[in-house]
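Undergrad: My questions will all concern the structure given below.
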Amino acid sequence: PPVTKLLPSAGPTSSFRLTERFILLLVFSAFITLCFGAIFFLPDSSKLLSGVFFHSSAVETNTRTGTVSGSGSANDEKILAKIRKDHEDALTEAKDTLQKRPEEIKQEILKEKEKVLRDSLGPDGGDVDRLPPVEYQRPPGATGQEPPDPRTRERRAKVKEMMQHSWGGYKRYAWGANELRPISKQGHSSNLFGGLKGANIVDALDTLYIMEMYEDFDEATAWVEKNLDFSLNTEVSVFEVNIRFVGGLLSAYYLSGKDVFRRKAVELGERLLPAFKTSTGIPWALLNLKSGIGRNWPWASGGSSILAEYGTLHLEFMHLSKLSGNPEFAQKVMNIRKVLERLDKPHGLYPNYLNPNSGQWGQHHVSVGGLGDSFYEYLLKAWIMSDKTDEEAKKMYYDALQAIETNLIRKSSGGLTYIAEWKGGLLEHKMGHLTCFAGGMIALGADGAPGDQTGHQMELAAEIARTCHESYARTTLKLGPEAFRFDGGVEAIATRQNEKYFILRPEVIETFMYMWRFTHDPKYRDWGWEAVQALEQHCRVEAGYSGIRDVYATSPNHDDVQQSFYQAETLKYLYLLFSEDDHLPSDHWVFNTEAHPLPVIRRDSTDQPHKDKTAA
Ligand code: DMJ
């Protein structure tokens, strides 16, 4: 809670007593100062006193500078002058204070108390209050206009209504919990967040803002101010907390300018720093926020950290350094980059597993879906977010994409382009729903592609978008499965029962959004609209939206979870798909992997901290 909330409010009686006490104190201290100062006007005692109280420091100073004088009288004179001045200042201050109204004196005392309290607070709440001021400038396109064409306007309004329904259910039945169970109408939490609370609130802040749901945004802000607490003895996923909580807070700050979000983001970022205490600086996957003890997922190859986890911190950590003035965040993620750059890459590919202590790859599994995905995304976006100055990230991205194209991208006999998984040189002809984000990523990067690859990369992106659309179209419920295969006589269809579920994931719609922005081909809006209709028909329930266990079943069997990324990503990307391009325009913002928009850091950036500007 803000410091002021910790202070007992003073009633009229107590304020009078407080004032009286303060005046007495001032008079008394003025008297003491007077007496004390007078001692120095007595010729002999001044030397005696300066010998007792000031001798050692004076000698030390002089010895260091080599200016010891035999008598030390020049030094004594200086000290005496200072005491005289302090004495005069104290008298003037006391005189001024006595002329003030009791109310003003009370305010001053309260301010002084707040300052003392703030200074005495530890890292649990004190550090972030000492953040350097930054000048807040809202980047362009934080809000958007209605699309001119009535059908698109209607579709956009429909998506907003979906957000209202989804948010309304969460608010009514699960307020403060991490997620909503929309069938059983209660809160839900995944162990990814440990004991943290309010994932849905933080994840949804920017969606509320861009959809102009300002009252809800204000309520969510108040919850963050009062209840979002990171000082917990709990183990969390560093990646999930970074992309949803840090990312969500950063976006909320950049959109609204409310400094509470900056402070909370930096506070959480500081709590994540101990995760980097490994021999290589590659962070642990899991971290206890209180003890700072980290470890890796027990299932990850030989104690490895995961590429998509440690490789998906860069965007947020660069912004944390920018907003806090603390270079440590940026140093940590730049070091990850260095470690990766130096390692040998099999066929130019990045395996999903890396041991943080030995610095060696674990199993040679490569994926552009789960365990690998957002690492590639963050290379490209690190370059774009740096105002295209981060040449290292650029090179790593385009080199990696080349290796992926050569080794993982294939075309089915039916003509569908897909991205397979690579296991020690053997291909598994399966593509995850998660992998479908790659269409959008490749489209976003096509413009800067080296050589004359731009056209080719746009075609590749369009082919992936088509394949992912097929994975939806070939189901009964018209929503895509978790993974689909291109073997055993099937194309873009899930064959294993445990791959048939749909949990409201965003990746396919994310790709449609980018494809629409870069091509303006109306089919992408139509495909997005098909998804809206399927969501309405099969996922919408009385209290919100639920995932589905089998997209090939004739009627939906709900899993009773409304994932927080549904509001953070799925609905946001749908809304932007039906918005004008200048709403969160691609040349000013990049989306983190949880769809939280972060502004491009301009190379001529003048809004750095430490420049003694007014706080937002
Ligand atoms: C989100 O949390 C992020 O998009 C992440 O990168 C991958 N998985 C989910 C959504 O599917």
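Chain labels run A, B, ... following the order of the structure tokens; each chain numbers its residues from 1, and ligands are numbered from 1 in the order shown.
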Can you list every residue of chain A that has an atom at most 9 Å from ligand 1, with its nearest atom pair and the distance in Å to one decimal, using only C-alpha atoms and all ligand atoms, ordered by chain then number, as a tab-separated table?
TA:
residue	atom	partner	partner_atom_place_in_ligand_line	distance
A:Glu240	CA	ligand 1	2 (O)	6.9
A:Ile243	CA	ligand 1	2 (O)	7.2
A:Arg244	CA	ligand 1	2 (O)	7.2
A:Ala308	CA	ligand 1	6 (O)	8.0
A:Glu309	CA	ligand 1	6 (O)	8.9
A:Thr312	CA	ligand 1	6 (O)	8.2
A:Gly369	CA	ligand 1	7 (C)	8.6
A:Gly370	CA	ligand 1	7 (C)	7.4
A:Asp373	CA	ligand 1	6 (O)	7.1
A:Ser374	CA	ligand 1	6 (O)	5.6
A:His433	CA	ligand 1	11 (O)	7.9
A:Leu434	CA	ligand 1	11 (O)	6.0
A:Phe437	CA	ligand 1	4 (O)	8.4
A:Ile503	CA	ligand 1	11 (O)	7.9
A:Leu504	CA	ligand 1	11 (O)	7.7
A:Arg505	CA	ligand 1	11 (O)	4.4
A:Pro506	CA	ligand 1	11 (O)	5.8
A:Glu507	CA	ligand 1	11 (O)	6.5
A:Gln563	CA	ligand 1	10 (C)	8.6
A:Ser564	CA	ligand 1	2 (O)	8.1
A:Phe565	CA	ligand 1	2 (O)	5.8
A:Tyr566	CA	ligand 1	10 (C)	8.0
A:Ala568	CA	ligand 1	1 (C)	8.8
A:Glu569	CA	ligand 1	4 (O)	7.3
A:Thr570	CA	ligand 1	10 (C)	8.5
A:Asn592	CA	ligand 1	6 (O)	8.3
A:Thr593	CA	ligand 1	6 (O)	4.6
A:Glu594	CA	ligand 1	4 (O)	4.6
A:Ala595	CA	ligand 1	4 (O)	7.1
Undergrad: Grab the residues selected above and save them as an mmCIF file, in the first residue's frame with N, CA, C and O atoms.
TA:
data_model
loop_
_atom_site.group_PDB
_atom_site.id
_atom_site.type_symbol
_atom_site.label_atom_id
_atom_site.label_comp_id
_atom_site.auth_asym_id
_atom_site.auth_seq_id
_atom_site.Cartn_x
_atom_site.Cartn_y
_atom_site.Cartn_z
ATOM 1 N N GLU A 240 6.554 -17.258 -17.224
ATOM 2 C CA GLU A 240 5.129 -16.888 -17.198
ATOM 3 C C GLU A 240 4.913 -15.571 -16.458
ATOM 4 O O GLU A 240 4.117 -14.731 -16.879
ATOM 5 N N ILE A 243 6.206 -12.739 -18.792
ATOM 6 C CA ILE A 243 5.407 -12.334 -19.966
ATOM 7 C C ILE A 243 4.038 -11.787 -19.575
ATOM 8 O O ILE A 243 3.517 -10.882 -20.203
ATOM 9 N N ARG A 244 3.451 -12.350 -18.489
ATOM 10 C CA ARG A 244 2.094 -11.909 -18.145
ATOM 11 C C ARG A 244 2.103 -10.734 -17.167
ATOM 12 O O ARG A 244 1.418 -9.739 -17.375
ATOM 13 N N ALA A 308 12.593 -21.388 -24.949
ATOM 14 C CA ALA A 308 11.477 -20.429 -25.055
ATOM 15 C C ALA A 308 11.245 -19.688 -23.741
ATOM 16 O O ALA A 308 10.533 -18.690 -23.720
ATOM 17 N N GLU A 309 11.839 -20.172 -22.650
ATOM 18 C CA GLU A 309 11.650 -19.471 -21.371
ATOM 19 C C GLU A 309 12.769 -18.451 -21.141
ATOM 20 O O GLU A 309 12.519 -17.259 -21.013
ATOM 21 N N THR A 312 12.880 -15.562 -23.622
ATOM 22 C CA THR A 312 11.705 -14.692 -23.756
ATOM 23 C C THR A 312 11.643 -13.724 -22.583
ATOM 24 O O THR A 312 10.628 -13.589 -21.899
ATOM 25 N N GLY A 369 7.405 -24.424 -32.039
ATOM 26 C CA GLY A 369 6.218 -24.398 -31.175
ATOM 27 C C GLY A 369 6.667 -24.428 -29.723
ATOM 28 O O GLY A 369 7.678 -23.808 -29.372
ATOM 29 N N GLY A 370 5.937 -25.153 -28.889
ATOM 30 C CA GLY A 370 6.239 -25.226 -27.459
ATOM 31 C C GLY A 370 7.717 -25.497 -27.212
ATOM 32 O O GLY A 370 8.354 -26.250 -27.947
ATOM 33 N N ASP A 373 9.355 -21.623 -29.388
ATOM 34 C CA ASP A 373 8.651 -20.538 -30.108
ATOM 35 C C ASP A 373 9.092 -19.092 -29.870
ATOM 36 O O ASP A 373 9.665 -18.439 -30.745
ATOM 37 N N SER A 374 8.849 -18.592 -28.674
ATOM 38 C CA SER A 374 9.012 -17.146 -28.496
ATOM 39 C C SER A 374 10.473 -16.695 -28.446
ATOM 40 O O SER A 374 10.740 -15.487 -28.514
ATOM 41 N N HIS A 433 -0.522 -25.856 -32.291
ATOM 42 C CA HIS A 433 -1.270 -24.598 -32.365
ATOM 43 C C HIS A 433 -0.320 -23.453 -32.045
ATOM 44 O O HIS A 433 -0.331 -22.392 -32.694
ATOM 45 N N LEU A 434 0.573 -23.688 -31.048
ATOM 46 C CA LEU A 434 1.542 -22.661 -30.656
ATOM 47 C C LEU A 434 2.401 -22.232 -31.843
ATOM 48 O O LEU A 434 2.753 -21.058 -31.975
ATOM 49 N N PHE A 437 1.875 -19.169 -34.484
ATOM 50 C CA PHE A 437 2.248 -17.750 -34.333
ATOM 51 C C PHE A 437 3.284 -17.375 -35.395
ATOM 52 O O PHE A 437 3.463 -16.193 -35.733
ATOM 53 N N ILE A 503 -7.720 -24.585 -26.010
ATOM 54 C CA ILE A 503 -7.817 -23.854 -24.734
ATOM 55 C C ILE A 503 -7.830 -22.329 -24.938
ATOM 56 O O ILE A 503 -7.224 -21.600 -24.173
ATOM 57 N N LEU A 504 -8.523 -21.887 -25.952
ATOM 58 C CA LEU A 504 -8.716 -20.442 -26.208
ATOM 59 C C LEU A 504 -7.421 -19.748 -26.612
ATOM 60 O O LEU A 504 -7.258 -18.541 -26.434
ATOM 61 N N ARG A 505 -6.504 -20.534 -27.156
ATOM 62 C CA ARG A 505 -5.194 -19.966 -27.529
ATOM 63 C C ARG A 505 -5.319 -18.925 -28.658
ATOM 64 O O ARG A 505 -6.203 -19.020 -29.511
ATOM 65 N N PRO A 506 -4.330 -18.007 -28.718
ATOM 66 C CA PRO A 506 -4.425 -16.887 -29.677
ATOM 67 C C PRO A 506 -3.662 -17.053 -30.992
ATOM 68 O O PRO A 506 -3.865 -16.265 -31.915
ATOM 69 N N GLU A 507 -2.732 -18.008 -31.099
ATOM 70 C CA GLU A 507 -1.690 -17.924 -32.150
ATOM 71 C C GLU A 507 -2.234 -17.817 -33.575
ATOM 72 O O GLU A 507 -1.658 -17.104 -34.414
ATOM 73 N N GLN A 563 -8.606 -19.134 -19.671
ATOM 74 C CA GLN A 563 -7.179 -18.803 -19.533
ATOM 75 C C GLN A 563 -7.001 -17.285 -19.566
ATOM 76 O O GLN A 563 -7.677 -16.596 -20.329
ATOM 77 N N SER A 564 -5.998 -16.788 -18.809
ATOM 78 C CA SER A 564 -5.832 -15.326 -18.791
ATOM 79 C C SER A 564 -5.378 -14.813 -20.160
ATOM 80 O O SER A 564 -5.638 -13.662 -20.517
ATOM 81 N N PHE A 565 -4.730 -15.659 -20.970
ATOM 82 C CA PHE A 565 -4.294 -15.163 -22.283
ATOM 83 C C PHE A 565 -5.460 -14.974 -23.254
ATOM 84 O O PHE A 565 -5.297 -14.408 -24.320
ATOM 85 N N TYR A 566 -6.652 -15.461 -22.876
ATOM 86 C CA TYR A 566 -7.816 -15.235 -23.738
ATOM 87 C C TYR A 566 -8.109 -13.724 -23.838
ATOM 88 O O TYR A 566 -8.324 -13.187 -24.919
ATOM 89 N N ALA A 568 -5.908 -11.344 -22.709
ATOM 90 C CA ALA A 568 -4.670 -10.624 -23.028
ATOM 91 C C ALA A 568 -4.377 -10.679 -24.521
ATOM 92 O O ALA A 568 -3.939 -9.693 -25.115
ATOM 93 N N GLU A 569 -4.613 -11.849 -25.128
ATOM 94 C CA GLU A 569 -4.165 -12.047 -26.507
ATOM 95 C C GLU A 569 -5.298 -12.272 -27.492
ATOM 96 O O GLU A 569 -5.441 -11.529 -28.463
ATOM 97 N N THR A 570 -6.079 -13.349 -27.267
ATOM 98 C CA THR A 570 -7.057 -13.759 -28.284
ATOM 99 C C THR A 570 -8.020 -12.620 -28.610
ATOM 100 O O THR A 570 -8.196 -12.258 -29.776
ATOM 101 N N ASN A 592 4.699 -8.090 -26.880
ATOM 102 C CA ASN A 592 5.458 -9.170 -26.263
ATOM 103 C C ASN A 592 4.713 -10.472 -26.562
ATOM 104 O O ASN A 592 3.658 -10.456 -27.204
ATOM 105 N N THR A 593 5.232 -11.585 -26.100
ATOM 106 C CA THR A 593 4.642 -12.852 -26.533
ATOM 107 C C THR A 593 3.275 -13.104 -25.899
ATOM 108 O O THR A 593 2.582 -14.047 -26.263
ATOM 109 N N GLU A 594 2.883 -12.256 -24.952
ATOM 110 C CA GLU A 594 1.546 -12.355 -24.355
ATOM 111 C C GLU A 594 0.668 -11.218 -24.912
ATOM 112 O O GLU A 594 -0.338 -10.855 -24.332
ATOM 113 N N ALA A 595 1.081 -10.673 -26.046
ATOM 114 C CA ALA A 595 0.352 -9.588 -26.732
ATOM 115 C C ALA A 595 0.307 -8.283 -25.959
ATOM 116 O O ALA A 595 -0.590 -7.456 -26.165
#
Undergrad: At most 9 Å is the cut-off: for each residue in range 238-354 of chain A with any atom that close to an atom of range 180-199 of chain A, write down the nearest atom pair and the distance in Å rounded to one decimal, counting only C-alpha atoms, chain first then increasing number, as a tab-separated table.
TA:
residue	atom	partner	partner_atom	distance
A:Val238	CA	A:Leu192	CA	8.7
A:Glu240	CA	A:Leu192	CA	6.7
A:Val241	CA	A:Phe193	CA	6.7
A:Arg244	CA	A:Ala199	CA	7.1
A:Phe245	CA	A:Ala199	CA	6.8
A:Leu286	CA	A:Leu192	CA	8.7
A:Asn288	CA	A:Gly194	CA	8.9
Undergrad: Have a look at A:Pro274, A:Gly269, A:Gly303, A:Gly257 and name the one nearest to Ala330 in chain A; count only C-alpha atoms.
TA: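 Result for the nearest residue to Ala330 in chain A: A:Gly269.
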Undergrad: Could you pull the residues within 6 Å of Ile282 in chain A, counting only C-alpha atoms, minus those fewer than 4 positions along the same chain, as a list in words?
TA: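 Those residues are Phe276, Ile336 and Pro356 of chain A.
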Undergrad: When you count only C-alpha atoms, which of these residues is closest to Trp361 in chain A: A:Gln164, A:Asp206, A:Leu307, A:Leu380?
TA: A:Leu307
Undergrad: How many Å separate CA of Gly348 in chain A from CA of His365 in chain A?
TA: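 Spanning CA of Gly348 in chain A to CA of His365 in chain A is a straight-line distance of 12.8 Å.
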Undergrad: With only C-alpha atoms as the counted atoms, please give the residues lying no more than 12 Å from Tyr472 in chain A, apart from itself and same-chain residues fewer than 4 positions off, as a ChimeraX atom specification.
TA: /A:433,436,465-468,476-484,491-494,500-502,507-509,527-528,530-531,534-535,551-552
Undergrad: So that I can check the secondary structure, give me every residue of range 366-440 of chain A assigned strand (DSSP E or B) by backbone DSSP, as a list of chain:residue names.
TA: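 Written out, the strand (DSSP E or B) residues of range 366-440 of chain A are A:Val366, A:Ile409, A:Arg410, A:Lys411, A:Thr417, A:Tyr418, A:Ile419, A:Glu421, A:Trp422, A:Lys423, A:Leu426, A:Leu427, A:Glu428, A:Lys430, A:Met431, A:Gly432.
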Undergrad: Excluding same-chain residues fewer than 3 positions from range 213-227 of chain A, what lies within 12 Å of it counting only C-alpha atoms, as a PDB file with C-alpha atoms, in the first residue's frame?
TA:
ATOM      1  CA  PRO A   1       0.000   0.000   0.000  1.00  0.00           C
ATOM      2  CA  PRO A   2       1.171   3.599  -0.549  1.00  0.00           C
ATOM      3  CA  VAL A   3       3.074   5.035   2.371  1.00  0.00           C
ATOM      4  CA  LYS A   5      -2.071   4.716   3.760  1.00  0.00           C
ATOM      5  CA  LEU A   6       0.208   3.392   6.494  1.00  0.00           C
ATOM      6  CA  THR A 143      -6.254   4.434 -28.736  1.00  0.00           C
ATOM      7  CA  LYS A 160     -15.618  -5.690 -27.425  1.00  0.00           C
ATOM      8  CA  GLU A 161     -18.869  -7.229 -26.235  1.00  0.00           C
ATOM      9  CA  MET A 163     -14.441  -8.872 -23.728  1.00  0.00           C
ATOM     10  CA  GLN A 164     -17.182  -7.318 -21.600  1.00  0.00           C
ATOM     11  CA  TRP A 167     -14.348  -9.692 -17.965  1.00  0.00           C
ATOM     12  CA  GLY A 168     -17.774  -9.478 -16.343  1.00  0.00           C
ATOM     13  CA  TYR A 170     -14.190 -12.961 -14.052  1.00  0.00           C
ATOM     14  CA  LYS A 171     -15.134  -9.900 -12.044  1.00  0.00           C
ATOM     15  CA  TRP A 175     -12.126 -11.270  -8.788  1.00  0.00           C
ATOM     16  CA  GLY A 176      -8.524 -11.326  -7.528  1.00  0.00           C
ATOM     17  CA  ALA A 177      -7.958 -14.984  -8.452  1.00  0.00           C
ATOM     18  CA  LEU A 196       0.706 -14.748  -6.825  1.00  0.00           C
ATOM     19  CA  LYS A 197      -2.774 -13.390  -7.360  1.00  0.00           C
ATOM     20  CA  GLY A 198      -4.647 -11.495 -10.046  1.00  0.00           C
ATOM     21  CA  ALA A 199      -2.993 -12.837 -13.244  1.00  0.00           C
ATOM     22  CA  ASN A 200      -6.206 -12.154 -15.179  1.00  0.00           C
ATOM     23  CA  ILE A 201      -6.356  -8.568 -13.948  1.00  0.00           C
ATOM     24  CA  VAL A 202      -2.764  -7.748 -14.879  1.00  0.00           C
ATOM     25  CA  ASP A 203      -2.971  -9.649 -18.171  1.00  0.00           C
ATOM     26  CA  ALA A 204      -6.159  -7.817 -19.175  1.00  0.00           C
ATOM     27  CA  LEU A 205      -5.239  -4.242 -18.233  1.00  0.00           C
ATOM     28  CA  ASP A 206      -4.056  -3.187 -21.684  1.00  0.00           C
ATOM     29  CA  THR A 207      -6.985  -4.882 -23.449  1.00  0.00           C
ATOM     30  CA  LEU A 208      -9.381  -2.940 -21.228  1.00  0.00           C
ATOM     31  CA  TYR A 209      -7.502   0.228 -22.089  1.00  0.00           C
ATOM     32  CA  ILE A 210      -7.385  -0.211 -25.844  1.00  0.00           C
ATOM     33  CA  PHE A 230       5.109  -9.872  -4.799  1.00  0.00           C
ATOM     34  CA  SER A 231       6.635 -10.222  -1.329  1.00  0.00           C
ATOM     35  CA  PHE A 245       2.840  -9.819 -15.051  1.00  0.00           C
ATOM     36  CA  GLY A 248       1.151  -6.586 -18.537  1.00  0.00           C
ATOM     37  CA  LEU A 249       2.351  -3.937 -16.090  1.00  0.00           C
ATOM     38  CA  ALA A 252      -0.414  -0.636 -18.751  1.00  0.00           C
ATOM     39  CA  TYR A 253       2.220   1.952 -17.848  1.00  0.00           C
ATOM     40  CA  LEU A 255      -0.672   3.166 -22.364  1.00  0.00           C
ATOM     41  CA  SER A 256      -1.945   5.009 -19.315  1.00  0.00           C
ATOM     42  CA  GLY A 257       1.095   6.787 -17.889  1.00  0.00           C
ATOM     43  CA  LYS A 258       0.162   5.672 -14.364  1.00  0.00           C
ATOM     44  CA  ASP A 259       3.386   5.406 -12.416  1.00  0.00           C
ATOM     45  CA  VAL A 260       2.074   2.632 -10.171  1.00  0.00           C
ATOM     46  CA  PHE A 261       2.525   0.210 -13.079  1.00  0.00           C
ATOM     47  CA  ARG A 262       6.127   1.239 -13.611  1.00  0.00           C
ATOM     48  CA  ARG A 263       6.869   0.799  -9.908  1.00  0.00           C
ATOM     49  CA  LYS A 264       5.211  -2.606  -9.737  1.00  0.00           C
ATOM     50  CA  ALA A 265       6.939  -3.817 -12.893  1.00  0.00           C
TER      51      ALA A 265
END
Undergrad: Which of range 128-250 of chain A counts as helix (DSSP H, G or I) under DSSP, as number ranges by chain please?
TA: A: 128-130, 150-174, 191-193, 199-210, 214-227, 238-250
Undergrad: For a test of reading the model, state the distance in Å between CA of Arg602 in chain A and CA of Asp387 in chain A, rounded to one decimal.
TA: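 About the pair CA of Arg602 in chain A and CA of Asp387 in chain A: they are 5.4 Å apart.
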Undergrad: Could you check the closest approach to Leu232 in chain A for each of A:Ala275, A:Leu426, A:Leu287, A:Val266 and tell me which residue wins, using only C-alpha atoms?
TA: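 For Leu232 in chain A, the nearest of the candidates is A:Leu287.
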Undergrad: Could you pull the residues within 12 Å of Arg517 in chain A, counting only C-alpha atoms, minus those fewer than 3 positions along the same chain, as a PyMOL selection string?
TA: chain A and resi 440+443-444+510-514+520-525+573+576-587
Undergrad: Save out the residues we just selected, C-alpha atoms, as a tab-separated table (two decimals), in the first residue's frame.
TA:
chain	number	residue	atom	x	y	z
A	440	GLY	CA	2.67	-13.56	-38.04
A	443	ALA	CA	5.26	-11.59	-41.97
A	444	LEU	CA	6.51	-9.06	-39.43
A	510	GLU	CA	-2.44	-13.47	-34.06
A	511	THR	CA	-1.17	-14.59	-37.48
A	512	PHE	CA	-4.43	-13.46	-39.16
A	513	MET	CA	-3.97	-10.03	-37.54
A	514	TYR	CA	-0.44	-9.57	-38.88
A	520	HIS	CA	-5.13	-6.12	-46.45
A	521	ASP	CA	-6.44	-9.31	-47.99
A	522	PRO	CA	-10.05	-9.49	-46.64
A	523	LYS	CA	-9.85	-13.26	-46.20
A	524	TYR	CA	-7.88	-12.78	-42.99
A	525	ARG	CA	-10.70	-10.74	-41.47
A	573	TYR	CA	-5.72	-9.62	-31.58
A	576	LEU	CA	-7.02	-5.22	-33.68
A	577	LEU	CA	-7.89	-7.39	-36.69
A	578	PHE	CA	-11.09	-5.35	-36.99
A	579	SER	CA	-9.41	-2.03	-36.19
A	580	GLU	CA	-7.50	0.48	-38.28
A	581	ASP	CA	-3.77	-0.08	-38.73
A	582	ASP	CA	-2.93	3.06	-36.76
A	583	HIS	CA	-4.21	1.52	-33.56
A	584	LEU	CA	-1.00	0.28	-31.91
A	585	PRO	CA	0.80	0.69	-35.23
A	586	SER	CA	3.60	-1.75	-36.02
A	587	ASP	CA	6.22	0.96	-36.47
Undergrad: Tell me which protein, DNA and RNA residues are within 12 Å of Lys277 in chain A, counting only C-alpha atoms, leaving out same-chain ones fewer than 4 positions away, and put them as JSON, numbers by chain.
TA: {"A": [272, 273, 281, 282, 283, 284, 285, 287, 292, 293, 294, 295, 332, 356, 357]}
Undergrad: Go through A:Tyr575, A:Tyr376, A:Tyr310, A:Tyr418 and flag the residue nearest Ile442 in chain A, using only C-alpha atoms for the distances.
TA: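 Closest to Ile442 in chain A of all the choices is A:Tyr376.
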Undergrad: What gap, in Å, lies between CA of Leu427 in chain A and CA of Tyr398 in chain A?
TA: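 Distance reported for this atom pair: 21.6 Å.
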